[in-house]
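Asks: Can you read through this structure? Questions will come right after.
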Amino acid sequence: MSGVAQVQAAFRAAFHGIRSSPVTSIVAIATIGLCLLLVGAFVLLVNNMEQLLDGFGEDIRVSAYLEAGLAPEEQADLAARVETAPGVEAVALVTSAQALERFRAAQGERAALLDGLDENPLPASLEIALVPDQRNQEGLAVLREALDGLPGISELGYGAEWIEGYEQAVGLIRGVGISIGGVLGLATLLIVANTIRLSIYTRRDEIEIVQLVGGSPAFVSAPFLIEGLAQGIAGGGAALALLYGFYRVMLPGLRDGLELLLGYADPIFLSAGGAGWLVVAGAALGFLGSGVALLQDGARR
Amino acid sequence: MPGAARPVVSAGALVRLFHVSKSYLAGSWALRDVSLELEKGEFVFLTGPSGAGKTTLMRLIFAAEQPSEGQILVLGRNVSRVRPAAVAPLRRRIGVVFQDFKLLSRRTVEENVGVALDVVGVSERDKRARVFAMLKRVGLQHRRYHHPLSLSGGEQQRLAIARALVNDPEILLADEPTGNLDPELTLEIMDLIADAASRGTAVFVATHDYSLVERYGRRIVRLEDGEIVQDAPVRGAIR
């Protein structure tokens, strides 16, 4: 006698169950697949928006404008102090003259207009690069706090303040995705539970016979849990396949419409881990749905 | 009346009922003050008219019901107080044959018998061998890949007996096992059951077919209105 043989028997019974009520199985798989397709679409959108955000992050440079009248030694000393601030990767001093030269170069043919200036109006500045994981709103806030009140610095400029708004949009879409995923997940759980309850009901005689020959509650329940698990994996796999089809076939045609959200960056698909989690989520939905159905059925009897 | 209830004294009894009563409705008794015992290898006919309480008595023994009063000891366990988790292990030691067969219609003959071995975790190889041997014993080995609905009534009943016996149960309960069968098939089925008793299984057969009781000449427990009115010892068979 062995537990392995009992597990094999439970798998055989689950297979019989799926084979004997294919419509019930298809309904469960379709429900799980549809739910995960929607959730997966949100994850895909958020991933792509985050990718775009990471791209912006690489360009984030903070400029600390220095007060007029600082001696070159004082400017160098200030640059050295800023370099020790948290999250700072590198600091480059741009003198007032260098700033004017850059500006002149940027103006091209119109640079001649600058010849009429009596004095250089541009302040010296420190160009501060942040370490990669600090190139976001939190990193900027930490830097702002560290530089606040530092003598010699008159103003901080980021040049990419709109990123804050984009980050909020990503957060909002992520939040909506999580909320919709939660509601859909719960609804799917209940639909799957009811579908499997139907399956339990149609096999009531079979369950009774297994109990009469000495099948333990675990032995009776196991095939339904395996069935739910298999349906969940199939639903998750179907969602993944449909999502990949959307990504490969339909997304290129929708690029112009999604430009506002995703820019012109090449869209990315779910990582292997992300794809795995989608299937695991399907398995969990199917397994829990069966568990809820068995509990409801057990409570009714 | 020849012996209302035999004294319950045997130490080797597999089933013992002590003053057992069962009521489904207040004031109405399906069984009343029933005391009896069943020993290893013993073959007992439970007789009486329809509604006498035969099926209720069987259901109490395999713990499908709880008695309203009294105690029931089955294989050393008090089923009046048995925990739900202990019911399944107890049932694995009891074979039950129902009048309506209770077969798995979507499984093959082989699978129907094998389910009794699945629940105890017998390996696939052992299961195949034991199922085949059992089907051979009841003459159904050539039908092992068929489904129950394609079998005749007699074959379905033999299949039910094969499932009940494949696990070498210590007790066999058969509720009207020949109720729907013609005389020839009836004897065939009863011979199978008697064979189980000769191998050491305690057998309890509920029937209202007195010709059968006469033919086999075994101990008779007769129920009327839920009470034992006769518990007669073994007599000689007429055949």
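Letters for chains follow the order of the structure tokens (A, B, ...), residue numbers begin at 1 for each chain, and ligand numbers begin at 1 in the order shown.
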Give me, as a PyMOL selection string, the residues of stretch 21-109 of chain A that a backbone DSSP run labels strand (DSSP E).
Replies: chain A and resi 61-66+88-94
Asks: Find the residues near B:Gly154: any atom within 12 Å, counting only C-alpha atoms, skip ones fewer than 3 places away on the same chain, and give them as a ChimeraX atom specification.
Replies: /B:99-101,138-140,148-151,157-161,177-190
Asks: Give me a file of those residues, with C-alpha atoms, as a PDB file, in the first residue's frame.
Replies:
ATOM      1  CA  GLN B  99     -29.684  -4.241  -4.234  1.00  0.00           C
ATOM      2  CA  ASP B 100     -29.315  -1.407  -6.761  1.00  0.00           C
ATOM      3  CA  PHE B 101     -25.633  -2.369  -7.328  1.00  0.00           C
ATOM      4  CA  VAL B 138     -17.039 -14.147 -10.290  1.00  0.00           C
ATOM      5  CA  GLY B 139     -16.730 -15.116 -13.979  1.00  0.00           C
ATOM      6  CA  LEU B 140     -16.386 -11.602 -15.388  1.00  0.00           C
ATOM      7  CA  PRO B 148     -21.592  -1.651 -16.263  1.00  0.00           C
ATOM      8  CA  LEU B 149     -24.551  -0.507 -18.358  1.00  0.00           C
ATOM      9  CA  SER B 150     -23.610  -3.026 -21.047  1.00  0.00           C
ATOM     10  CA  LEU B 151     -23.810  -5.906 -18.526  1.00  0.00           C
ATOM     11  CA  GLN B 157     -24.613  -7.943  -9.280  1.00  0.00           C
ATOM     12  CA  ARG B 158     -21.549 -10.203  -9.657  1.00  0.00           C
ATOM     13  CA  LEU B 159     -19.527  -7.069 -10.339  1.00  0.00           C
ATOM     14  CA  ALA B 160     -20.872  -5.468  -7.152  1.00  0.00           C
ATOM     15  CA  ILE B 161     -19.888  -8.596  -5.226  1.00  0.00           C
ATOM     16  CA  PRO B 177     -28.386  -9.049  -3.310  1.00  0.00           C
ATOM     17  CA  THR B 178     -30.665 -11.246  -5.425  1.00  0.00           C
ATOM     18  CA  GLY B 179     -33.763  -9.063  -5.346  1.00  0.00           C
ATOM     19  CA  ASN B 180     -33.979  -8.547  -9.105  1.00  0.00           C
ATOM     20  CA  LEU B 181     -32.503 -11.787 -10.345  1.00  0.00           C
ATOM     21  CA  ASP B 182     -34.009 -14.961 -11.770  1.00  0.00           C
ATOM     22  CA  PRO B 183     -33.672 -18.197  -9.704  1.00  0.00           C
ATOM     23  CA  GLU B 184     -30.651 -19.496 -11.572  1.00  0.00           C
ATOM     24  CA  LEU B 185     -28.698 -16.273 -11.194  1.00  0.00           C
ATOM     25  CA  THR B 186     -29.837 -16.017  -7.574  1.00  0.00           C
ATOM     26  CA  LEU B 187     -28.131 -19.305  -6.732  1.00  0.00           C
ATOM     27  CA  GLU B 188     -25.037 -18.260  -8.625  1.00  0.00           C
ATOM     28  CA  ILE B 189     -24.784 -15.045  -6.591  1.00  0.00           C
ATOM     29  CA  MET B 190     -25.540 -16.768  -3.287  1.00  0.00           C
TER      30      MET B 190
END
Asks: Would you mind telling me which residue in A:Glu208, A:Glu119, A:Glu50, A:Asp77 lies nearest to chain B when using only C-alpha atoms?
Replies: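 Ranked by minimum distance to chain B, first place goes to A:Glu208.
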Asks: Please build the interface table for chain B against chain A with a cut-off of 9 Å, listing for each qualifying residue the nearest atom pair and the distance in Å to one decimal; count only C-alpha atoms, order rows by chain and increasing number, and write it as a tab-separated table.
Replies:
residue	atom	partner	partner_atom	distance
B:Phe62	CA	A:Leu212	CA	8.4
B:Ala64	CA	A:Leu212	CA	8.4
B:Ala85	CA	A:Ser216	CA	7.3
B:Ala86	CA	A:Ser216	CA	8.8
B:Val87	CA	A:Gly214	CA	7.5
B:Ala88	CA	A:Gly214	CA	4.2
B:Pro89	CA	A:Gly214	CA	6.1
B:Leu90	CA	A:Gly214	CA	7.2
B:Arg91	CA	A:Gly214	CA	4.7
B:Arg92	CA	A:Gly214	CA	4.6
B:Arg93	CA	A:Gly214	CA	8.2
B:Ile94	CA	A:Val213	CA	7.9
B:Gly95	CA	A:Val213	CA	7.2
B:Val96	CA	A:Val213	CA	7.7
B:Lys102	CA	A:Ile209	CA	6.6
B:Leu103	CA	A:Ile209	CA	7.4
B:Leu104	CA	A:Glu206	CA	6.0
B:Ser105	CA	A:Glu206	CA	8.5
B:Arg106	CA	A:Ser20	CA	7.8
B:Arg107	CA	A:His16	CA	8.4
B:Val115	CA	A:Val210	CA	7.2
B:Ala116	CA	A:Val213	CA	5.6
B:Leu117	CA	A:Val213	CA	8.9
B:Asp118	CA	A:Gln6	CA	5.9
B:Val119	CA	A:Gly215	CA	5.1
B:Val120	CA	A:Met1	CA	6.6
B:Gly121	CA	A:Gln6	CA	4.7
B:Val122	CA	A:Met1	CA	4.5
B:Ser123	CA	A:Ala5	CA	5.2
B:Glu124	CA	A:Ala5	CA	6.7
B:Arg163	CA	A:Val213	CA	8.5
B:Ala164	CA	A:Val213	CA	7.8
Asks: Can you list, as a ChimeraX atom specification, every protein, DNA or RNA residue that comes within 12 Å of B:Glu65 when you count only C-alpha atoms, leaving out same-chain residues fewer than 2 positions away?
Replies: /B:21-24,30,55-63,67-69,72,79-82,84,87
Asks: From the DSSP assignment of the backbone, select every residue of stretch 97-221 of chain A that is alpha helix (DSSP H), and format the answer as a VMD selection string.
Replies: chain A and resid 97 to 107 137 to 147 162 to 202 204 to 212 217 to 221
Asks: Just give me the gap between atom CA of A:Arg61 and atom CA of A:Leu113 in Å, one decimal is fine.
Replies: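 So the two atoms, atom CA of A:Arg61 and atom CA of A:Leu113, lie 28.0 Å apart.
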Asks: Between atom CA of A:Glu67 and atom CA of A:Ala97, what distance in Å does the model show, to one decimal?
Replies: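 Separating atom CA of A:Glu67 from atom CA of A:Ala97 is a distance of 14.4 Å.
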Asks: Between atom CA of A:Ala275 and atom CA of A:Leu240, what is the distance in Å, rounded to a tenth?
Replies: 6.8 Å
Asks: I want to know what sits within 10 Å of B:His142, based on only C-alpha atoms, with residues of the same chain fewer than 4 positions away left out; could you give that as an MDAnalysis selection string?
Replies: chainID B and resid 109 132 135:136 146
Asks: For stretch 186-196 of chain A, find every residue with an atom within 8 Å (counting only C-alpha atoms), except residues of its own chain fewer than 2 positions away, and show them as a list in words.
Replies: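 Answer for this query is Thr24, Val27, Ala28, Thr31, Ile32, Cys35, Gly182, Val183, Leu184, Leu198, Ser199, Ile200, Phe224, Gly228, Leu285, Gly286, Leu288, Gly289, Ser290, Gly291, Val292 and Ala293 of chain A.
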Asks: Store the residues picked out above, limited to N, CA and C atoms, as a PDB file, in the first residue's frame.
Replies:
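Printed below is selection.pdb as written:
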ATOM      1  N   THR A  24     -18.206  21.619 -18.730  1.00  0.00           N
ATOM      2  CA  THR A  24     -17.896  22.250 -17.442  1.00  0.00           C
ATOM      3  C   THR A  24     -16.442  22.693 -17.420  1.00  0.00           C
ATOM      4  N   VAL A  27     -15.863  25.765 -19.654  1.00  0.00           N
ATOM      5  CA  VAL A  27     -16.377  26.995 -19.024  1.00  0.00           C
ATOM      6  C   VAL A  27     -15.378  27.498 -17.981  1.00  0.00           C
ATOM      7  N   ALA A  28     -14.878  26.580 -17.159  1.00  0.00           N
ATOM      8  CA  ALA A  28     -13.917  26.978 -16.114  1.00  0.00           C
ATOM      9  C   ALA A  28     -12.639  27.537 -16.737  1.00  0.00           C
ATOM     10  N   THR A  31     -13.299  31.002 -18.298  1.00  0.00           N
ATOM     11  CA  THR A  31     -13.485  32.041 -17.280  1.00  0.00           C
ATOM     12  C   THR A  31     -12.136  32.479 -16.711  1.00  0.00           C
ATOM     13  N   ILE A  32     -11.335  31.494 -16.354  1.00  0.00           N
ATOM     14  CA  ILE A  32     -10.009  31.811 -15.793  1.00  0.00           C
ATOM     15  C   ILE A  32      -9.161  32.522 -16.850  1.00  0.00           C
ATOM     16  N   CYS A  35     -10.257  36.234 -17.375  1.00  0.00           N
ATOM     17  CA  CYS A  35      -9.835  37.063 -16.229  1.00  0.00           C
ATOM     18  C   CYS A  35      -8.344  37.370 -16.319  1.00  0.00           C
ATOM     19  N   GLY A 182      -8.148  42.314  -8.729  1.00  0.00           N
ATOM     20  CA  GLY A 182      -8.716  41.800  -7.482  1.00  0.00           C
ATOM     21  C   GLY A 182     -10.181  41.443  -7.650  1.00  0.00           C
ATOM     22  N   VAL A 183     -10.946  42.398  -8.240  1.00  0.00           N
ATOM     23  CA  VAL A 183     -12.389  42.176  -8.415  1.00  0.00           C
ATOM     24  C   VAL A 183     -12.629  41.006  -9.374  1.00  0.00           C
ATOM     25  N   LEU A 184     -11.879  41.037 -10.503  1.00  0.00           N
ATOM     26  CA  LEU A 184     -12.040  39.951 -11.482  1.00  0.00           C
ATOM     27  C   LEU A 184     -11.637  38.609 -10.887  1.00  0.00           C
ATOM     28  N   LEU A 198     -21.107  22.338  -9.734  1.00  0.00           N
ATOM     29  CA  LEU A 198     -21.988  21.660 -10.686  1.00  0.00           C
ATOM     30  C   LEU A 198     -21.408  20.288 -11.033  1.00  0.00           C
ATOM     31  N   SER A 199     -20.097  20.286 -11.226  1.00  0.00           N
ATOM     32  CA  SER A 199     -19.413  19.035 -11.544  1.00  0.00           C
ATOM     33  C   SER A 199     -19.539  18.052 -10.374  1.00  0.00           C
ATOM     34  N   ILE A 200     -19.401  18.563  -9.148  1.00  0.00           N
ATOM     35  CA  ILE A 200     -19.542  17.707  -7.955  1.00  0.00           C
ATOM     36  C   ILE A 200     -20.964  17.144  -7.909  1.00  0.00           C
ATOM     37  N   PHE A 224     -11.101  16.532  -7.487  1.00  0.00           N
ATOM     38  CA  PHE A 224     -11.703  17.832  -7.816  1.00  0.00           C
ATOM     39  C   PHE A 224     -10.653  18.948  -7.710  1.00  0.00           C
ATOM     40  N   GLY A 228      -9.419  21.272 -10.756  1.00  0.00           N
ATOM     41  CA  GLY A 228      -9.376  22.742 -10.679  1.00  0.00           C
ATOM     42  C   GLY A 228      -7.994  23.261 -11.032  1.00  0.00           C
ATOM     43  N   LEU A 285      -6.205  30.098  -8.949  1.00  0.00           N
ATOM     44  CA  LEU A 285      -7.647  30.362  -9.075  1.00  0.00           C
ATOM     45  C   LEU A 285      -8.430  29.049  -9.197  1.00  0.00           C
ATOM     46  N   GLY A 286      -7.938  28.142 -10.034  1.00  0.00           N
ATOM     47  CA  GLY A 286      -8.618  26.858 -10.229  1.00  0.00           C
ATOM     48  C   GLY A 286      -8.633  26.026  -8.960  1.00  0.00           C
ATOM     49  N   LEU A 288      -8.177  27.068  -5.771  1.00  0.00           N
ATOM     50  CA  LEU A 288      -8.992  27.685  -4.715  1.00  0.00           C
ATOM     51  C   LEU A 288     -10.485  27.576  -5.051  1.00  0.00           C
ATOM     52  N   GLY A 289     -10.815  27.713  -6.353  1.00  0.00           N
ATOM     53  CA  GLY A 289     -12.214  27.579  -6.770  1.00  0.00           C
ATOM     54  C   GLY A 289     -12.754  26.205  -6.401  1.00  0.00           C
ATOM     55  N   SER A 290     -11.942  25.179  -6.656  1.00  0.00           N
ATOM     56  CA  SER A 290     -12.350  23.811  -6.291  1.00  0.00           C
ATOM     57  C   SER A 290     -12.486  23.679  -4.780  1.00  0.00           C
ATOM     58  N   GLY A 291     -11.530  24.273  -4.074  1.00  0.00           N
ATOM     59  CA  GLY A 291     -11.554  24.204  -2.606  1.00  0.00           C
ATOM     60  C   GLY A 291     -12.825  24.837  -2.052  1.00  0.00           C
ATOM     61  N   VAL A 292     -13.170  26.018  -2.596  1.00  0.00           N
ATOM     62  CA  VAL A 292     -14.393  26.708  -2.145  1.00  0.00           C
ATOM     63  C   VAL A 292     -15.618  25.838  -2.460  1.00  0.00           C
ATOM     64  N   ALA A 293     -15.629  25.249  -3.664  1.00  0.00           N
ATOM     65  CA  ALA A 293     -16.764  24.396  -4.065  1.00  0.00           C
ATOM     66  C   ALA A 293     -16.911  23.206  -3.113  1.00  0.00           C
TER      67      ALA A 293
END
